[in-house]
>>> print(open('target36.cif').read())   # mmCIF, C-alpha atoms
data_query
#
loop_
_atom_site.group_PDB
_atom_site.id
_atom_site.type_symbol
_atom_site.label_atom_id
_atom_site.label_comp_id
_atom_site.auth_asym_id
_atom_site.auth_seq_id
_atom_site.Cartn_x
_atom_site.Cartn_y
_atom_site.Cartn_z
ATOM 1 C CA MET J 1 -7.689 24.738 1.440
ATOM 2 C CA SER J 2 -3.975 25.184 2.030
ATOM 3 C CA GLN J 3 -1.371 22.684 0.870
ATOM 4 C CA ILE J 4 2.355 22.468 1.476
ATOM 5 C CA ASN J 5 4.398 20.175 -0.762
ATOM 6 C CA GLY J 6 1.343 18.130 -1.578
ATOM 7 C CA PHE J 7 0.280 17.610 2.017
ATOM 8 C CA VAL J 8 -2.792 19.233 3.455
ATOM 9 C CA GLY J 9 -1.893 22.346 5.437
ATOM 10 C CA ARG J 10 -2.011 22.382 9.217
ATOM 11 C CA ARG J 11 -5.294 24.322 9.499
ATOM 12 C CA TYR J 12 -7.139 21.958 7.160
ATOM 13 C CA PHE J 13 -5.543 18.888 8.686
ATOM 14 C CA LEU J 14 -6.599 19.912 12.195
ATOM 15 C CA LYS J 15 -10.142 20.397 10.907
ATOM 16 C CA PHE J 16 -9.949 17.021 9.183
ATOM 17 C CA ALA J 17 -8.589 15.480 12.384
ATOM 18 C CA SER J 18 -11.435 16.848 14.474
ATOM 19 C CA VAL J 19 -13.987 15.368 12.079
ATOM 20 C CA MET J 20 -12.191 12.033 12.081
ATOM 21 C CA GLY J 21 -11.775 11.952 15.855
ATOM 22 C CA ILE J 22 -7.978 12.262 15.961
ATOM 23 C CA GLY J 23 -6.592 13.414 19.269
ATOM 24 C CA THR J 24 -3.153 15.006 19.661
ATOM 25 C CA GLY J 25 -1.794 11.767 21.089
ATOM 26 C CA ALA J 26 -3.610 9.468 18.703
ATOM 27 C CA PHE J 27 -0.607 8.792 16.517
ATOM 28 C CA GLY J 28 1.048 6.847 19.302
ATOM 29 C CA HIS J 29 -1.727 4.264 19.552
ATOM 30 C CA ARG J 30 -4.713 4.473 17.218
ATOM 31 C CA PHE J 31 -4.610 6.650 14.111
ATOM 32 C CA TRP J 32 -8.316 7.226 13.679
ATOM 33 C CA ASP J 33 -11.270 6.075 15.759
ATOM 34 C CA THR J 34 -13.173 3.637 13.553
ATOM 35 C CA GLN J 35 -16.460 4.251 15.351
ATOM 36 C CA GLN J 36 -16.360 8.011 14.806
ATOM 37 C CA VAL J 37 -15.199 7.702 11.237
ATOM 38 C CA ALA J 38 -18.166 5.576 10.191
ATOM 39 C CA ALA J 39 -20.368 8.636 9.865
ATOM 40 C CA ALA J 40 -17.671 11.094 8.794
ATOM 41 C CA ASP J 41 -17.979 12.955 5.512
ATOM 42 C CA VAL J 42 -14.514 12.785 3.973
ATOM 43 C CA HIS J 43 -13.464 14.507 0.754
ATOM 44 C CA SER J 44 -10.019 14.115 -0.793
ATOM 45 C CA VAL J 45 -8.032 16.987 -2.279
ATOM 46 C CA ASN J 46 -7.521 15.088 -5.563
ATOM 47 C CA PRO J 47 -9.442 16.880 -8.352
ATOM 48 C CA ASN J 48 -9.224 13.966 -10.818
ATOM 49 C CA PRO J 49 -8.879 10.626 -9.031
ATOM 50 C CA VAL J 50 -8.154 7.527 -11.105
ATOM 51 C CA ASN J 51 -10.684 4.735 -10.590
ATOM 52 C CA ALA J 52 -9.398 1.441 -9.226
ATOM 53 C CA ASN J 53 -9.807 -0.595 -12.405
ATOM 54 C CA GLU J 54 -7.850 1.887 -14.488
ATOM 55 C CA ALA J 55 -5.199 2.087 -11.771
ATOM 56 C CA ILE J 56 -4.788 -1.704 -11.795
ATOM 57 C CA GLN J 57 -4.369 -1.679 -15.557
ATOM 58 C CA ARG J 58 -1.771 1.096 -15.385
ATOM 59 C CA LEU J 59 0.245 -0.920 -12.900
ATOM 60 C CA LEU J 60 0.026 -4.151 -14.866
ATOM 61 C CA ASN J 61 0.948 -2.375 -18.097
ATOM 62 C CA GLY J 62 3.915 -0.786 -16.390
ATOM 63 C CA ASN J 63 5.042 -4.115 -14.992
ATOM 64 C CA GLN J 64 4.818 -5.668 -18.442
ATOM 65 C CA ARG J 65 7.102 -2.929 -19.760
ATOM 66 C CA PHE J 66 9.505 -3.666 -16.915
ATOM 67 C CA VAL J 67 9.506 -7.407 -17.629
ATOM 68 C CA ASN J 68 10.003 -6.837 -21.365
ATOM 69 C CA GLN J 69 12.832 -4.352 -20.756
ATOM 70 C CA GLN J 70 10.809 -1.636 -22.477
ATOM 71 C CA ARG J 71 10.702 0.792 -19.592
ATOM 72 C CA LYS J 72 9.557 4.337 -20.273
ATOM 73 C CA TYR J 73 10.951 5.712 -17.018
ATOM 74 C CA ALA J 74 7.720 7.628 -16.932
ATOM 75 C CA ASP J 75 7.431 11.064 -15.353
ATOM 76 C CA ARG J 76 10.948 11.371 -13.953
ATOM 77 C CA SER J 77 11.938 14.594 -15.697
ATOM 78 C CA LEU J 78 12.918 17.854 -14.029
ATOM 79 C CA GLU J 79 9.593 19.304 -15.166
ATOM 80 C CA ARG J 80 7.725 16.480 -13.450
ATOM 81 C CA LEU J 81 9.813 16.903 -10.295
ATOM 82 C CA GLN J 82 8.910 20.580 -10.110
ATOM 83 C CA LEU J 83 5.243 19.849 -10.783
ATOM 84 C CA VAL J 84 4.787 17.284 -8.027
ATOM 85 C CA ALA J 85 6.752 19.454 -5.608
ATOM 86 C CA LYS J 86 3.625 21.613 -5.468
ATOM 87 C CA ALA J 87 1.113 18.829 -4.828
ATOM 88 C CA GLN J 88 0.805 15.053 -5.021
ATOM 89 C CA TYR J 89 -2.068 13.051 -6.456
ATOM 90 C CA PRO J 90 -0.866 9.413 -6.579
ATOM 91 C CA PHE J 91 -3.160 7.200 -8.651
ATOM 92 C CA ALA J 92 -2.526 4.136 -6.449
ATOM 93 C CA ALA J 93 -1.106 3.156 -3.086
ATOM 94 C CA ILE J 94 1.146 0.176 -2.443
ATOM 95 C CA LEU J 95 1.678 -1.719 0.796
ATOM 96 C CA GLY J 96 4.875 -3.564 -0.082
ATOM 97 C CA CYS J 97 7.718 -5.407 1.562
ATOM 98 C CA ALA J 98 10.841 -3.464 2.521
ATOM 99 C CA ASP J 99 12.945 -5.969 0.554
ATOM 100 C CA SER J 100 15.516 -4.042 -1.507
ATOM 101 C CA ARG J 101 14.686 -6.122 -4.592
ATOM 102 C CA VAL J 102 11.074 -4.962 -4.808
ATOM 103 C CA PRO J 103 10.980 -1.178 -5.371
ATOM 104 C CA ALA J 104 7.403 -0.506 -6.480
ATOM 105 C CA GLU J 105 8.089 2.506 -8.698
ATOM 106 C CA ILE J 106 10.646 0.510 -10.697
ATOM 107 C CA VAL J 107 8.822 -2.809 -11.060
ATOM 108 C CA PHE J 108 5.652 -0.973 -12.132
ATOM 109 C CA ASP J 109 7.602 1.507 -14.299
ATOM 110 C CA GLN J 110 6.036 4.574 -12.687
ATOM 111 C CA GLY J 111 7.370 8.041 -12.016
ATOM 112 C CA LEU J 112 7.500 10.781 -9.438
ATOM 113 C CA GLY J 113 4.170 11.329 -7.725
ATOM 114 C CA ASP J 114 2.463 8.311 -9.301
ATOM 115 C CA LEU J 115 2.473 5.935 -6.332
ATOM 116 C CA PHE J 116 2.016 6.332 -2.590
ATOM 117 C CA VAL J 117 4.249 3.571 -1.256
ATOM 118 C CA VAL J 118 4.313 2.150 2.264
ATOM 119 C CA ARG J 119 7.043 -0.455 2.775
ATOM 120 C CA VAL J 120 7.601 -2.667 5.792
ATOM 121 C CA ALA J 121 9.134 -6.130 6.117
ATOM 122 C CA GLY J 122 6.567 -8.773 5.226
ATOM 123 C CA ASN J 123 4.150 -6.101 3.901
ATOM 124 C CA VAL J 124 2.513 -6.195 7.339
ATOM 125 C CA ALA J 125 -0.556 -4.009 7.842
ATOM 126 C CA SER J 126 0.672 -2.420 11.066
ATOM 127 C CA ASP J 127 -1.117 0.513 12.708
ATOM 128 C CA MET J 128 1.307 2.984 11.135
ATOM 129 C CA ALA J 129 0.938 1.379 7.714
ATOM 130 C CA ILE J 130 -2.862 1.470 7.974
ATOM 131 C CA GLY J 131 -2.766 5.119 9.033
ATOM 132 C CA SER J 132 -0.577 6.006 6.067
ATOM 133 C CA LEU J 133 -2.900 4.224 3.660
ATOM 134 C CA GLU J 134 -5.920 5.933 5.197
ATOM 135 C CA TYR J 135 -4.213 9.219 4.401
ATOM 136 C CA SER J 136 -3.490 8.183 0.812
ATOM 137 C CA THR J 137 -7.154 7.347 0.322
ATOM 138 C CA ALA J 138 -9.041 9.905 2.384
ATOM 139 C CA VAL J 139 -6.860 12.926 1.627
ATOM 140 C CA LEU J 140 -4.838 12.216 -1.515
ATOM 141 C CA GLY J 141 -7.653 10.410 -3.317
ATOM 142 C CA SER J 142 -6.028 7.101 -4.263
ATOM 143 C CA GLN J 143 -8.780 4.616 -5.119
ATOM 144 C CA LEU J 144 -6.574 1.524 -5.237
ATOM 145 C CA ILE J 145 -4.422 -0.140 -2.599
ATOM 146 C CA VAL J 146 -2.210 -3.040 -3.671
ATOM 147 C CA VAL J 147 -0.756 -5.346 -1.039
ATOM 148 C CA LEU J 148 2.410 -6.552 -2.758
ATOM 149 C CA GLY J 149 4.152 -9.694 -1.521
ATOM 150 C CA HIS J 150 7.071 -11.384 -3.219
ATOM 151 C CA LYS J 151 8.775 -14.700 -3.825
ATOM 152 C CA ARG J 152 11.131 -15.959 -1.108
ATOM 153 C CA CYS J 153 10.077 -13.307 1.399
ATOM 154 C CA GLY J 154 12.441 -13.546 4.361
ATOM 155 C CA ALA J 155 9.894 -12.319 6.881
ATOM 156 C CA VAL J 156 7.387 -14.968 5.813
ATOM 157 C CA THR J 157 10.107 -17.633 5.943
ATOM 158 C CA GLU J 158 10.892 -16.668 9.533
ATOM 159 C CA ALA J 159 7.205 -16.878 10.413
ATOM 160 C CA ILE J 160 7.126 -20.417 9.015
ATOM 161 C CA LYS J 161 10.165 -21.384 11.102
ATOM 162 C CA ASN J 162 8.445 -20.029 14.221
ATOM 163 C CA GLU J 163 11.705 -19.593 16.139
ATOM 164 C CA PRO J 164 12.741 -16.866 18.640
ATOM 165 C CA LEU J 165 14.194 -13.761 16.986
ATOM 166 C CA PRO J 166 16.385 -10.951 18.363
ATOM 167 C CA GLY J 167 15.399 -7.345 18.951
ATOM 168 C CA ARG J 168 12.132 -6.202 17.440
ATOM 169 C CA ILE J 169 12.266 -8.466 14.414
ATOM 170 C CA GLY J 170 9.793 -10.677 16.223
ATOM 171 C CA PHE J 171 7.139 -7.947 16.026
ATOM 172 C CA VAL J 172 7.179 -8.222 12.244
ATOM 173 C CA VAL J 173 6.935 -12.003 12.304
ATOM 174 C CA GLU J 174 4.082 -11.941 14.816
ATOM 175 C CA GLY J 175 2.150 -9.806 12.337
ATOM 176 C CA ILE J 176 2.479 -12.582 9.752
ATOM 177 C CA LYS J 177 1.819 -15.689 11.836
ATOM 178 C CA PRO J 178 -2.008 -15.350 11.834
ATOM 179 C CA ALA J 179 -1.911 -15.578 8.037
ATOM 180 C CA LEU J 180 -0.370 -19.029 8.286
ATOM 181 C CA ALA J 181 -2.627 -20.426 10.997
ATOM 182 C CA ASN J 182 -4.910 -22.341 8.629
ATOM 183 C CA LEU J 183 -2.365 -23.005 5.906
ATOM 184 C CA LYS J 184 -1.345 -26.587 5.198
ATOM 185 C CA LEU J 185 2.411 -26.289 4.749
ATOM 186 C CA THR J 186 2.905 -29.596 2.987
ATOM 187 C CA THR J 187 3.572 -28.745 -0.673
ATOM 188 C CA ASP J 188 6.859 -28.180 -2.473
ATOM 189 C CA ASN J 189 6.072 -24.494 -2.903
ATOM 190 C CA THR J 190 5.395 -23.892 0.789
ATOM 191 C CA SER J 191 7.007 -20.475 0.735
ATOM 192 C CA ASP J 192 4.934 -19.282 -2.237
ATOM 193 C CA ASN J 193 1.713 -20.472 -0.623
ATOM 194 C CA ALA J 194 2.636 -18.758 2.616
ATOM 195 C CA VAL J 195 3.516 -15.477 0.890
ATOM 196 C CA LYS J 196 0.191 -15.451 -0.958
ATOM 197 C CA ALA J 197 -1.696 -16.349 2.210
ATOM 198 C CA ASN J 198 0.013 -13.432 3.936
ATOM 199 C CA VAL J 199 -0.926 -11.066 1.119
ATOM 200 C CA LYS J 200 -4.581 -12.096 1.432
ATOM 201 C CA TYR J 201 -4.478 -11.799 5.214
ATOM 202 C CA GLN J 202 -2.952 -8.305 5.203
ATOM 203 C CA ALA J 203 -5.428 -7.116 2.548
ATOM 204 C CA LYS J 204 -8.313 -8.411 4.641
ATOM 205 C CA LYS J 205 -6.837 -6.811 7.748
ATOM 206 C CA LEU J 206 -6.763 -3.435 6.023
ATOM 207 C CA GLN J 207 -10.473 -3.691 5.299
ATOM 208 C CA GLU J 208 -11.454 -4.977 8.721
ATOM 209 C CA SER J 209 -9.218 -2.728 10.829
ATOM 210 C CA SER J 210 -10.003 0.623 9.245
ATOM 211 C CA GLY J 211 -13.355 2.331 9.300
ATOM 212 C CA ILE J 212 -12.028 4.875 6.814
ATOM 213 C CA LEU J 213 -11.005 2.303 4.229
ATOM 214 C CA ALA J 214 -14.212 0.319 4.772
ATOM 215 C CA LYS J 215 -16.239 3.485 4.183
ATOM 216 C CA PHE J 216 -14.580 4.105 0.822
ATOM 217 C CA ILE J 217 -14.934 0.473 -0.212
ATOM 218 C CA ASP J 218 -18.649 0.555 0.591
ATOM 219 C CA ALA J 219 -18.993 3.752 -1.437
ATOM 220 C CA GLY J 220 -17.312 2.125 -4.441
ATOM 221 C CA LYS J 221 -14.378 4.538 -4.246
ATOM 222 C CA LEU J 222 -11.680 2.082 -3.186
ATOM 223 C CA LYS J 223 -10.439 -1.392 -4.014
ATOM 224 C CA ILE J 224 -7.860 -3.360 -2.076
ATOM 225 C CA VAL J 225 -6.169 -6.107 -4.070
ATOM 226 C CA GLY J 226 -3.311 -8.513 -3.457
ATOM 227 C CA ALA J 227 -0.376 -9.116 -5.771
ATOM 228 C CA TYR J 228 2.689 -11.379 -5.939
ATOM 229 C CA TYR J 229 6.064 -10.369 -7.363
ATOM 230 C CA ASP J 230 8.369 -13.031 -8.807
ATOM 231 C CA LEU J 231 11.959 -12.134 -7.949
ATOM 232 C CA ASP J 232 13.303 -14.303 -10.778
ATOM 233 C CA THR J 233 11.209 -12.896 -13.638
ATOM 234 C CA GLY J 234 10.070 -9.474 -12.416
ATOM 235 C CA LYS J 235 6.470 -10.416 -13.134
ATOM 236 C CA VAL J 236 3.591 -9.244 -10.932
ATOM 237 C CA ASN J 237 0.403 -11.310 -10.785
ATOM 238 C CA LEU J 238 -2.753 -10.482 -8.882
ATOM 239 C CA VAL J 239 -3.589 -12.734 -5.945
ATOM 240 C CA ASN J 240 -7.227 -13.761 -5.686
#
>>> encode(input="target36.cif", output="structure tokens")
Amino acid sequence: MSQINGFVGRRYFLKFASVMGIGTGAFGHRFWDTQQVAAADVHSVNPNPVNANEAIQRLLNGNQRFVNQQRKYADRSLERLQLVAKAQYPFAAILGCADSRVPAEIVFDQGLGDLFVVRVAGNVASDMAIGSLEYSTAVLGSQLIVVLGHKRCGAVTEAIKNEPLPGRIGFVVEGIKPALANLKLTTDNTSDNAVKANVKYQAKKLQESSGILAKFIDAGKLKIVGAYYDLDTGKVNLVN
């Protein structure tokens, strides 16, 4: 199997695409056909995948180091850079907000090649985000996806306001509004409740919108969990 810079080579990817039902124009609309993928036999290129429970613990341990100002700046050496230039085997994937204050590699104290990070305002599980996470799981072998929301998320705040927005900002907000539909916005920590509700909604959407991810979950080879980052303390807590 050929690989270039950690990505599966064209010949293998085209074979993979044919199995998964990807057409040449599929990237513009639907990444992978969920009906065809249900019976697909998918094998990642990762020789030693990290199971989800261990991956969660690695992330939480790294975040504790970050909070305690005991960062190891793990795996950021020149040697590590040259190693991961050949291939990537991230032990976890993150669907996080594009907010500049929430860089996943830093807040989890991880290094080059450790995390496969997809960032979009409001950590919305868009088609492109789902496709990217399918790749991280099916090809790169990540067995954990963390949907990471954060305190005082601007995109969630705009969804609460429910006012017209310019340009394409509204597309982001529309992806969040369903998460708030059944939320009683009456408490003092309305924003926190809304952020956590959005995290849960996007995590559920990942499972329900992707046949690939559902297949790995059913096989016990993938977990999708939610998490909440406190901008004031740097602490990450899991969202149940």
>>> atom_distance(input="target36.cif", atom1="atom CA of Leu148 of chain J", atom2="atom CA of Tyr89 of chain J")
20.4 Å
>>> resolve_selection(input="target36.cif", expression="the PyMOL selection byres ((chain J and resi 52) around 12)", output="NGL selection string")
:J and (49-51 or 53-59 or 90-93 or 137 or 141-146 or 216-217 or 220-225)
>>> resolve_selection(input="target36.cif", expression="the PyMOL selection byres ((chain J and resi 235) around 12)", output="PyMOL selection string")
chain J and resi 59-69+102+104+106-108+148-151+227-234+236-238
>>> atom_distance(input="target36.cif", atom1="atom CA of Phe116 of chain J", atom2="atom CA of Ala98 of chain J")
14.1 Å
>>> axis_aligned_box(input="target36.cif", around="segment 69-87 of chain J", padding_each_side="3 Å", output="JSON")
{"center_x": 7.0, "center_y": 8.6, "center_z": -13.7, "size_x": 17.8, "size_y": 32.0, "size_z": 23.6}
>>> resolve_selection(input="target36.cif", expression="the PyMOL selection byres ((chain J and resi 192-209) around 6)", output="list in words")
Ala125, Gly149, Ala179, Asn189, Thr190, Ser191, Ser210, Ala214 and Gly226 of chain J
>>> write_last_selection(input="target36.cif", atoms="C-alpha atoms", output="CSV table (one decimal), in the coordinates of the input")
chain,number,residue,atom,x,y,z
J,125,ALA,CA,-0.6,-4.0,7.8
J,149,GLY,CA,4.2,-9.7,-1.5
J,179,ALA,CA,-1.9,-15.6,8.0
J,189,ASN,CA,6.1,-24.5,-2.9
J,190,THR,CA,5.4,-23.9,0.8
J,191,SER,CA,7.0,-20.5,0.7
J,210,SER,CA,-10.0,0.6,9.2
J,214,ALA,CA,-14.2,0.3,4.8
J,226,GLY,CA,-3.3,-8.5,-3.5
>>> decode(input="target36.cif", residues="segment 100-214 of chain J", atoms="C-alpha atoms", output="short mmCIF file (atom, residue, chain, number, x, y, z; two decimals), in the first residue's frame")
data_model
loop_
_atom_site.label_atom_id
_atom_site.label_comp_id
_atom_site.auth_asym_id
_atom_site.auth_seq_id
_atom_site.Cartn_x
_atom_site.Cartn_y
_atom_site.Cartn_z
CA SER J 100 -8.25 31.09 18.46
CA ARG J 101 -8.23 30.46 22.21
CA VAL J 102 -8.85 26.73 21.92
CA PRO J 103 -5.95 25.10 20.03
CA ALA J 104 -6.36 21.38 20.74
CA GLU J 105 -2.69 20.40 20.56
CA ILE J 106 -1.81 23.02 23.18
CA VAL J 107 -4.67 22.54 25.65
CA PHE J 108 -4.12 18.77 25.57
CA ASP J 109 -0.31 19.13 25.60
CA GLN J 110 0.19 16.91 22.55
CA GLY J 111 2.76 16.96 19.78
CA LEU J 112 3.20 16.60 16.06
CA GLY J 113 1.16 13.76 14.62
CA ASP J 114 -0.73 13.01 17.84
CA LEU J 115 -4.10 14.55 16.99
CA PHE J 116 -6.21 14.79 13.85
CA VAL J 117 -7.94 18.13 14.35
CA VAL J 118 -10.95 19.48 12.47
CA ARG J 119 -11.89 23.03 13.49
CA VAL J 120 -14.94 25.01 12.46
CA ALA J 121 -16.87 27.76 14.24
CA GLY J 122 -19.26 26.25 16.75
CA ASN J 123 -17.68 22.78 16.31
CA VAL J 124 -20.45 22.08 13.79
CA ALA J 125 -20.54 18.60 12.26
CA SER J 126 -20.81 19.80 8.67
CA ASP J 127 -20.50 17.44 5.70
CA MET J 128 -16.85 18.36 5.23
CA ALA J 129 -16.11 17.89 8.93
CA ILE J 130 -17.82 14.49 8.94
CA GLY J 131 -15.88 13.43 5.84
CA SER J 132 -12.60 14.44 7.46
CA LEU J 133 -13.41 12.49 10.61
CA GLU J 134 -14.42 9.46 8.57
CA TYR J 135 -10.96 9.59 7.04
CA SER J 136 -9.27 9.87 10.43
CA THR J 137 -11.12 6.77 11.59
CA ALA J 138 -11.37 4.55 8.53
CA VAL J 139 -7.91 5.22 7.10
CA LEU J 140 -5.70 6.64 9.85
CA GLY J 141 -7.09 4.39 12.58
CA SER J 142 -8.13 6.89 15.25
CA GLN J 143 -10.52 5.16 17.66
CA LEU J 144 -11.65 8.29 19.50
CA ILE J 145 -13.42 11.42 18.32
CA VAL J 146 -13.85 14.27 20.79
CA VAL J 147 -16.36 17.01 20.06
CA LEU J 148 -14.84 19.95 21.92
CA GLY J 149 -16.99 22.97 22.77
CA HIS J 150 -15.91 25.87 24.94
CA LYS J 151 -17.12 28.52 27.34
CA ARG J 152 -18.58 31.70 25.83
CA CYS J 153 -18.66 30.29 22.30
CA GLY J 154 -19.55 33.15 19.96
CA ALA J 155 -21.26 30.93 17.41
CA VAL J 156 -23.53 29.44 20.07
CA THR J 157 -24.29 32.92 21.42
CA GLU J 158 -25.39 34.03 17.96
CA ALA J 159 -27.62 30.98 17.66
CA ILE J 160 -29.28 31.93 20.95
CA LYS J 161 -29.87 35.49 19.70
CA ASN J 162 -31.49 34.10 16.54
CA GLU J 163 -30.92 37.28 14.54
CA PRO J 164 -30.06 37.73 10.82
CA LEU J 165 -26.33 37.52 10.09
CA PRO J 166 -24.26 38.74 7.12
CA GLY J 167 -22.53 36.62 4.50
CA ARG J 168 -22.26 32.92 5.21
CA ILE J 169 -21.99 33.24 8.97
CA GLY J 170 -25.63 32.23 9.09
CA PHE J 171 -24.76 28.77 7.75
CA VAL J 172 -22.73 28.10 10.88
CA VAL J 173 -25.47 29.31 13.18
CA GLU J 174 -28.12 27.25 11.38
CA GLY J 175 -26.02 24.18 12.14
CA ILE J 176 -26.28 24.96 15.86
CA LYS J 177 -29.93 25.98 16.20
CA PRO J 178 -31.32 22.40 16.26
CA ALA J 179 -29.22 21.76 19.36
CA LEU J 180 -31.09 24.50 21.20
CA ALA J 181 -34.60 23.57 20.10
CA ASN J 182 -35.51 21.72 23.30
CA LEU J 183 -33.29 23.68 25.66
CA LYS J 184 -34.92 25.79 28.36
CA LEU J 185 -32.85 28.97 28.26
CA THR J 186 -33.89 30.28 31.65
CA THR J 187 -30.88 29.78 33.94
CA ASP J 188 -28.03 32.14 34.76
CA ASN J 189 -25.57 29.96 32.87
CA THR J 190 -27.61 29.91 29.66
CA SER J 191 -24.53 30.07 27.47
CA ASP J 192 -22.85 27.12 29.21
CA ASN J 193 -25.99 25.00 28.91
CA ALA J 194 -26.31 25.89 25.25
CA VAL J 195 -22.66 25.08 24.51
CA LYS J 196 -22.98 21.68 26.18
CA ALA J 197 -26.25 20.99 24.39
CA ASN J 198 -24.52 21.81 21.11
CA VAL J 199 -21.64 19.47 21.92
CA LYS J 200 -24.09 16.63 22.57
CA TYR J 201 -26.06 17.42 19.42
CA GLN J 202 -22.99 17.48 17.16
CA ALA J 203 -21.67 14.23 18.68
CA LYS J 204 -25.02 12.57 18.05
CA LYS J 205 -25.10 13.96 14.52
CA LEU J 206 -21.73 12.39 13.78
CA GLN J 207 -23.07 8.99 14.76
CA GLU J 208 -26.37 9.32 12.95
CA SER J 209 -25.10 10.95 9.75
CA SER J 210 -22.19 8.64 8.97
CA GLY J 211 -22.48 4.99 8.11
CA ILE J 212 -18.70 4.70 8.39
CA LEU J 213 -18.53 6.03 11.93
CA ALA J 214 -21.58 4.00 12.96
#
